[in-house]
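Let me begin by presenting the structure, written as structure tokens, before commenting on it.
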Amino acid sequence: MKTLKNLFKRRLTEAAGHTVDADEDHWRRLTGDSTRDLPTLTQQRMRKLAVWLWQTNLLANRLIELPVAYLLAEGVTLRALHTFWHDPINQLDIKLPRKVRELALYGEQCWPAFVDPNSGHVRLGYLDPSLIETVVTDPDNAEQPIGIVTVKDKRGHARRYKIIYNGPEDCFSPRTQEIRQTFDTGNCFYYRINTLSNSKRGHSDLLAQADWLDAYEQYLFGEVDRANLLRAFLWDVEMPGATQAEVDARAGKIQRPMPGSVRVHNDAERWQALTPDLKAVDSSAAARLFRNHVLGGGTIPEHWFGGGGDVNRATAGEMGEPTFKIYSMRQREWKYILEDVGKYVINRAQDPSGETLIINPTEPAPEWMPQAIFPELTSRDTTHYATALQHVTIAAGQALDRGLIPELLATQMIQAVAEHLGVEFDAAAQLNTARQETQQRAGNDSFNSND
């Protein structure tokens, strides 16, 4: 019998085994997992419904197309990237409206980036969101997506794209850097909207309104059917005092009068055209209620969709302000997206290998920074701001002469109003420039007077 001492003398070895899946992103934690994303089937259905509503529902189409028109109708320019913008594959003048539209419909966009190893020229591809199986996030930072895993093809292979970040890899922890190395298919841009910090996927702009959009359309179709019924009529023939046999005999011989025909009968028959009385109230109020519920969810005023309501020119301008605020937020997102892509293009043009970052996020060089220029969302009524600028300039000058405020504050007051006119400047820098020009003019005047 073996003693306990002999058991301790035995050599202890680790049990042999095999790792089923070495990819850490394929594991799901029992606790702490994000519950802010839609289930896979619901995510797929959301995309299909969004596209179907955009194609068939007039109201849904306007909810998507109006922001696209306000953002892009006058054209967009990505400064210093003319070759990339007009590349025969990129064709962003044509493709950008589609990308803006699809980001609103799908809630996310994924563009694989293909780099010429010699010139560093970048061309963008397109990955259908329906092919995205998993968006992998940083295990140490749930709001940071780091890679895309696609669904498997017929051969059982899945593509693994590394999400592009215009920064050094040491921004991530060593553990995250190891995970990013497993994404060896290529690099891609990935952007999402309508999401939370701990959500992995984006959501459509039509997600919340989908049921109401369908209900509104079904209601209108019901009103069409009701209108058709109201136009229908039938002939009611009354035979006072007739027996059932006489009524049946007459019914077998009677014919429906044709338009313009002559009908002859005695006083034993009474003919009357009857139309249905459905006792239905005016449906316009209910239709307006449904429509405004959907439009309100999309932050679109009623008069933008053919509904007048109690709106005049003055109130219409005020009602549009929340809409433009929402559109401005989306415009800022697209400005970031385009400039983010532009930074990558410039970095690759200078170093195709990607080892050197010309545009370093910690110390960006202004001359290398791309700039996306969007048109104004709406034409501004500058009359009020011009009048305000005049009053503020006079008031600031008077307060400055009386020693009530310093020069910098007076300049900042003028700057606050000038920005509403589309003129942006740094108050301190412009104040220094103004002082120098004043001194230069004073010197020139003194020189001229001596002459």
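Ligands are numbered from 1 in the order shown, residues from 1 within each chain, and chains are lettered A, B, ... in the order they appear in the structure tokens.
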
Surrounding residues of Phe183 of chain A excluding itself and chain neighbours under 4 positions, 7 Å, only C-alpha atoms, as a list in words: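 Surrounding residues, per the criterion: Gly147, Arg160, Tyr161 and Lys162 of chain A.
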
Residue neighbourhood Arg47 of chain A, 8 Å, only C-alpha atoms, exclusion window fewer than 6 positions, as a VMD selection string: chain A and resid 105 to 106 130 204

Nearest to Ala208 of chain A, chosen from A:Gly75, A:Gly403, A:Gly252, A:Gly297, with only C-alpha atoms counted in the distances: A:Gly297

Those of segment 179-219 of chain A in DSSP alpha helix (DSSP H), formatted as a PyMOL selection string: chain A and resi 179-181+210-219

For the residues in the current selection, export N, CA and C atoms as a CSV table (one decimal), in the first residue's frame.
```
chain,number,residue,atom,x,y,z
A,179,ILE,N,-4.5,40.8,-29.6
A,179,ILE,CA,-5.7,40.4,-30.2
A,179,ILE,C,-5.8,41.1,-31.6
A,180,ARG,N,-5.4,42.3,-31.7
A,180,ARG,CA,-5.4,43.0,-33.0
A,180,ARG,C,-4.5,42.3,-34.1
A,181,GLN,N,-3.5,41.7,-33.6
A,181,GLN,CA,-2.6,41.0,-34.6
A,181,GLN,C,-3.3,39.8,-35.2
A,210,ALA,N,-40.2,52.5,-37.0
A,210,ALA,CA,-40.6,51.5,-38.0
A,210,ALA,C,-42.1,51.1,-37.8
A,211,ASP,N,-42.5,50.7,-36.6
A,211,ASP,CA,-43.9,50.3,-36.4
A,211,ASP,C,-44.9,51.4,-36.7
A,212,TRP,N,-44.5,52.6,-36.3
A,212,TRP,CA,-45.4,53.8,-36.5
A,212,TRP,C,-45.5,54.2,-37.9
A,213,LEU,N,-44.4,54.1,-38.6
A,213,LEU,CA,-44.4,54.3,-40.1
A,213,LEU,C,-45.3,53.4,-40.8
A,214,ASP,N,-45.2,52.1,-40.4
A,214,ASP,CA,-46.1,51.1,-41.1
A,214,ASP,C,-47.6,51.3,-40.7
A,215,ALA,N,-47.8,51.7,-39.4
A,215,ALA,CA,-49.2,51.9,-38.9
A,215,ALA,C,-49.8,53.1,-39.7
A,216,TYR,N,-49.0,54.2,-39.8
A,216,TYR,CA,-49.5,55.3,-40.6
A,216,TYR,C,-49.9,55.0,-42.0
A,217,GLU,N,-49.0,54.2,-42.6
A,217,GLU,CA,-49.3,53.8,-44.0
A,217,GLU,C,-50.6,52.9,-44.1
A,218,GLN,N,-50.7,52.0,-43.2
A,218,GLN,CA,-51.9,51.1,-43.1
A,218,GLN,C,-53.1,51.9,-42.9
A,219,TYR,N,-53.0,53.0,-42.1
A,219,TYR,CA,-54.2,53.8,-41.8
A,219,TYR,C,-54.6,54.5,-43.1
```

Using only C-alpha atoms: which of A:Ala372, A:Ala429, A:Val136, A:Leu295 has the shortest distance to Trp334 of chain A: A:Ala372

Residues within 8 Å of Met239 of chain A, only C-alpha atoms, excluding chain neighbours under 3 positions, as a list in words: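 With the cut-off at 8 Å, the set is Ala242, Val247, Ala268, Glu269 and Arg270 of chain A.
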
Top pick for closest residue to Phe324 of chain A, considering A:Ile394, A:Leu66, A:Ala227, A:Leu207 and counting only C-alpha atoms: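 Result for the nearest residue to Phe324 of chain A: A:Leu66.
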
Would you kindly return, as a PDB file with all heavy atoms, in the first residue's frame, each protein, DNA or RNA residue with an atom no farther than 10 Å from any atom of Gly298 of chain A, considering only C-alpha atoms and excluding same-chain residues fewer than 3 positions away?
```
ATOM      1  N   ALA A  60     -41.047  57.564 -44.422  1.00  0.00           N
ATOM      2  CA  ALA A  60     -39.730  57.027 -44.067  1.00  0.00           C
ATOM      3  C   ALA A  60     -38.669  57.523 -45.033  1.00  0.00           C
ATOM      4  O   ALA A  60     -37.542  57.838 -44.630  1.00  0.00           O
ATOM      5  CB  ALA A  60     -39.779  55.499 -44.058  1.00  0.00           C
ATOM      6  N   ARG A  62     -38.591  60.360 -46.586  1.00  0.00           N
ATOM      7  CA  ARG A  62     -38.252  61.754 -46.259  1.00  0.00           C
ATOM      8  C   ARG A  62     -37.396  61.831 -44.998  1.00  0.00           C
ATOM      9  O   ARG A  62     -36.519  62.704 -44.890  1.00  0.00           O
ATOM     10  CB  ARG A  62     -39.528  62.575 -46.054  1.00  0.00           C
ATOM     11  CG  ARG A  62     -40.337  62.810 -47.306  1.00  0.00           C
ATOM     12  CD  ARG A  62     -39.537  63.560 -48.355  1.00  0.00           C
ATOM     13  NE  ARG A  62     -38.783  62.647 -49.218  1.00  0.00           N
ATOM     14  CZ  ARG A  62     -37.820  63.011 -50.042  1.00  0.00           C
ATOM     15  NH1 ARG A  62     -37.455  64.275 -50.120  1.00  0.00           N
ATOM     16  NH2 ARG A  62     -37.186  62.131 -50.779  1.00  0.00           N
ATOM     17  N   LEU A  63     -37.643  60.951 -44.025  1.00  0.00           N
ATOM     18  CA  LEU A  63     -36.843  60.971 -42.801  1.00  0.00           C
ATOM     19  C   LEU A  63     -35.370  60.694 -43.082  1.00  0.00           C
ATOM     20  O   LEU A  63     -34.489  61.171 -42.361  1.00  0.00           O
ATOM     21  CB  LEU A  63     -37.381  59.937 -41.806  1.00  0.00           C
ATOM     22  CG  LEU A  63     -38.739  60.232 -41.174  1.00  0.00           C
ATOM     23  CD1 LEU A  63     -39.204  59.058 -40.333  1.00  0.00           C
ATOM     24  CD2 LEU A  63     -38.694  61.498 -40.329  1.00  0.00           C
ATOM     25  N   ILE A  64     -35.097  59.937 -44.130  1.00  0.00           N
ATOM     26  CA  ILE A  64     -33.719  59.617 -44.498  1.00  0.00           C
ATOM     27  C   ILE A  64     -33.163  60.625 -45.494  1.00  0.00           C
ATOM     28  O   ILE A  64     -32.015  61.092 -45.368  1.00  0.00           O
ATOM     29  CB  ILE A  64     -33.638  58.198 -45.085  1.00  0.00           C
ATOM     30  CG1 ILE A  64     -34.054  57.161 -44.033  1.00  0.00           C
ATOM     31  CG2 ILE A  64     -32.237  57.904 -45.602  1.00  0.00           C
ATOM     32  CD1 ILE A  64     -33.158  57.112 -42.823  1.00  0.00           C
ATOM     33  N   ASP A 205     -31.629  54.859 -38.083  1.00  0.00           N
ATOM     34  CA  ASP A 205     -32.431  56.017 -37.697  1.00  0.00           C
ATOM     35  C   ASP A 205     -33.927  55.686 -37.680  1.00  0.00           C
ATOM     36  O   ASP A 205     -34.708  56.398 -37.039  1.00  0.00           O
ATOM     37  CB  ASP A 205     -32.193  57.169 -38.683  1.00  0.00           C
ATOM     38  CG  ASP A 205     -30.862  57.868 -38.445  1.00  0.00           C
ATOM     39  OD1 ASP A 205     -30.274  57.660 -37.358  1.00  0.00           O
ATOM     40  OD2 ASP A 205     -30.410  58.612 -39.329  1.00  0.00           O
ATOM     41  N   LEU A 206     -34.324  54.632 -38.391  1.00  0.00           N
ATOM     42  CA  LEU A 206     -35.741  54.273 -38.487  1.00  0.00           C
ATOM     43  C   LEU A 206     -36.155  53.200 -37.492  1.00  0.00           C
ATOM     44  O   LEU A 206     -37.303  52.749 -37.532  1.00  0.00           O
ATOM     45  CB  LEU A 206     -36.062  53.782 -39.909  1.00  0.00           C
ATOM     46  CG  LEU A 206     -35.844  54.784 -41.045  1.00  0.00           C
ATOM     47  CD1 LEU A 206     -36.234  54.154 -42.377  1.00  0.00           C
ATOM     48  CD2 LEU A 206     -36.633  56.060 -40.811  1.00  0.00           C
ATOM     49  N   ALA A 208     -36.755  53.182 -34.195  1.00  0.00           N
ATOM     50  CA  ALA A 208     -37.833  53.533 -33.267  1.00  0.00           C
ATOM     51  C   ALA A 208     -39.143  53.836 -33.982  1.00  0.00           C
ATOM     52  O   ALA A 208     -40.229  53.618 -33.435  1.00  0.00           O
ATOM     53  CB  ALA A 208     -37.416  54.739 -32.419  1.00  0.00           C
ATOM     54  N   GLN A 209     -39.058  54.327 -35.237  1.00  0.00           N
ATOM     55  CA  GLN A 209     -40.270  54.736 -35.957  1.00  0.00           C
ATOM     56  C   GLN A 209     -40.851  53.654 -36.850  1.00  0.00           C
ATOM     57  O   GLN A 209     -41.903  53.858 -37.455  1.00  0.00           O
ATOM     58  CB  GLN A 209     -39.977  55.970 -36.828  1.00  0.00           C
ATOM     59  CG  GLN A 209     -39.689  57.219 -36.031  1.00  0.00           C
ATOM     60  CD  GLN A 209     -38.215  57.543 -36.041  1.00  0.00           C
ATOM     61  OE1 GLN A 209     -37.394  56.642 -35.941  1.00  0.00           O
ATOM     62  NE2 GLN A 209     -37.865  58.801 -36.161  1.00  0.00           N
ATOM     63  N   ASN A 292     -47.577  63.389 -37.128  1.00  0.00           N
ATOM     64  CA  ASN A 292     -46.771  64.233 -36.256  1.00  0.00           C
ATOM     65  C   ASN A 292     -46.014  63.416 -35.216  1.00  0.00           C
ATOM     66  O   ASN A 292     -44.934  63.816 -34.756  1.00  0.00           O
ATOM     67  CB  ASN A 292     -47.642  65.278 -35.567  1.00  0.00           C
ATOM     68  CG  ASN A 292     -48.069  66.387 -36.510  1.00  0.00           C
ATOM     69  OD1 ASN A 292     -47.577  66.476 -37.633  1.00  0.00           O
ATOM     70  ND2 ASN A 292     -48.983  67.227 -36.077  1.00  0.00           N
ATOM     71  N   HIS A 293     -46.585  62.271 -34.838  1.00  0.00           N
ATOM     72  CA  HIS A 293     -45.875  61.404 -33.898  1.00  0.00           C
ATOM     73  C   HIS A 293     -44.579  60.884 -34.531  1.00  0.00           C
ATOM     74  O   HIS A 293     -43.526  60.866 -33.892  1.00  0.00           O
ATOM     75  CB  HIS A 293     -46.772  60.230 -33.495  1.00  0.00           C
ATOM     76  CG  HIS A 293     -46.146  59.314 -32.489  1.00  0.00           C
ATOM     77  ND1 HIS A 293     -45.899  59.673 -31.184  1.00  0.00           N
ATOM     78  CD2 HIS A 293     -45.684  58.031 -32.609  1.00  0.00           C
ATOM     79  CE1 HIS A 293     -45.333  58.671 -30.534  1.00  0.00           C
ATOM     80  NE2 HIS A 293     -45.192  57.652 -31.382  1.00  0.00           N
ATOM     81  N   VAL A 294     -44.664  60.494 -35.789  1.00  0.00           N
ATOM     82  CA  VAL A 294     -43.479  60.004 -36.493  1.00  0.00           C
ATOM     83  C   VAL A 294     -42.515  61.151 -36.786  1.00  0.00           C
ATOM     84  O   VAL A 294     -41.302  61.033 -36.580  1.00  0.00           O
ATOM     85  CB  VAL A 294     -43.886  59.286 -37.796  1.00  0.00           C
ATOM     86  CG1 VAL A 294     -42.651  58.862 -38.577  1.00  0.00           C
ATOM     87  CG2 VAL A 294     -44.753  58.081 -37.487  1.00  0.00           C
ATOM     88  N   LEU A 295     -43.045  62.266 -37.295  1.00  0.00           N
ATOM     89  CA  LEU A 295     -42.190  63.400 -37.619  1.00  0.00           C
ATOM     90  C   LEU A 295     -41.510  63.951 -36.380  1.00  0.00           C
ATOM     91  O   LEU A 295     -40.339  64.358 -36.430  1.00  0.00           O
ATOM     92  CB  LEU A 295     -43.007  64.495 -38.303  1.00  0.00           C
ATOM     93  CG  LEU A 295     -43.538  64.175 -39.703  1.00  0.00           C
ATOM     94  CD1 LEU A 295     -44.439  65.291 -40.194  1.00  0.00           C
ATOM     95  CD2 LEU A 295     -42.390  63.965 -40.679  1.00  0.00           C
ATOM     96  N   PRO A 301     -40.334  69.276 -38.477  1.00  0.00           N
ATOM     97  CA  PRO A 301     -41.593  70.002 -38.268  1.00  0.00           C
ATOM     98  C   PRO A 301     -42.664  69.570 -39.257  1.00  0.00           C
ATOM     99  O   PRO A 301     -42.366  69.088 -40.355  1.00  0.00           O
ATOM    100  CB  PRO A 301     -41.190  71.471 -38.467  1.00  0.00           C
ATOM    101  CG  PRO A 301     -39.933  71.428 -39.267  1.00  0.00           C
ATOM    102  CD  PRO A 301     -39.232  70.167 -38.901  1.00  0.00           C
ATOM    103  N   THR A 323     -34.502  70.940 -35.687  1.00  0.00           N
ATOM    104  CA  THR A 323     -34.117  70.055 -36.789  1.00  0.00           C
ATOM    105  C   THR A 323     -32.692  70.336 -37.227  1.00  0.00           C
ATOM    106  O   THR A 323     -31.890  69.412 -37.447  1.00  0.00           O
ATOM    107  CB  THR A 323     -35.073  70.250 -37.974  1.00  0.00           C
ATOM    108  OG1 THR A 323     -36.416  70.088 -37.521  1.00  0.00           O
ATOM    109  CG2 THR A 323     -34.791  69.239 -39.068  1.00  0.00           C
ATOM    110  N   ILE A 326     -30.104  68.896 -34.886  1.00  0.00           N
ATOM    111  CA  ILE A 326     -29.881  67.468 -35.101  1.00  0.00           C
ATOM    112  C   ILE A 326     -29.028  67.243 -36.344  1.00  0.00           C
ATOM    113  O   ILE A 326     -28.096  66.428 -36.350  1.00  0.00           O
ATOM    114  CB  ILE A 326     -31.223  66.734 -35.220  1.00  0.00           C
ATOM    115  CG1 ILE A 326     -32.009  66.812 -33.901  1.00  0.00           C
ATOM    116  CG2 ILE A 326     -31.008  65.274 -35.617  1.00  0.00           C
ATOM    117  CD1 ILE A 326     -31.345  66.109 -32.751  1.00  0.00           C
TER     118      ILE A 326
END
```

Backbone DSSP call of strand (DSSP E) for segment 86-197 of chain A, listed as a PyMOL selection string: chain A and resi 108-115+122-124+132-138+141-150+160-163+186-192

Contacts of Cys188 of chain A at 9 Å (only C-alpha atoms; same-chain gap of 2+ positions) as number ranges by chain: A: 110-114, 124-125, 147-148, 161-164, 186, 190

Atom-to-atom span, atom CA of Glu169 of chain A and atom CA of Asp116 of chain A, Å: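 Distance between the two atoms: 21.3 Å.
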
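Using only C-alpha atoms, the nearest neighbour of Gln350 of chain A within the list A:Gly241, A:Gly296, A:Pro117, A:Pro145 is A:Pro117.
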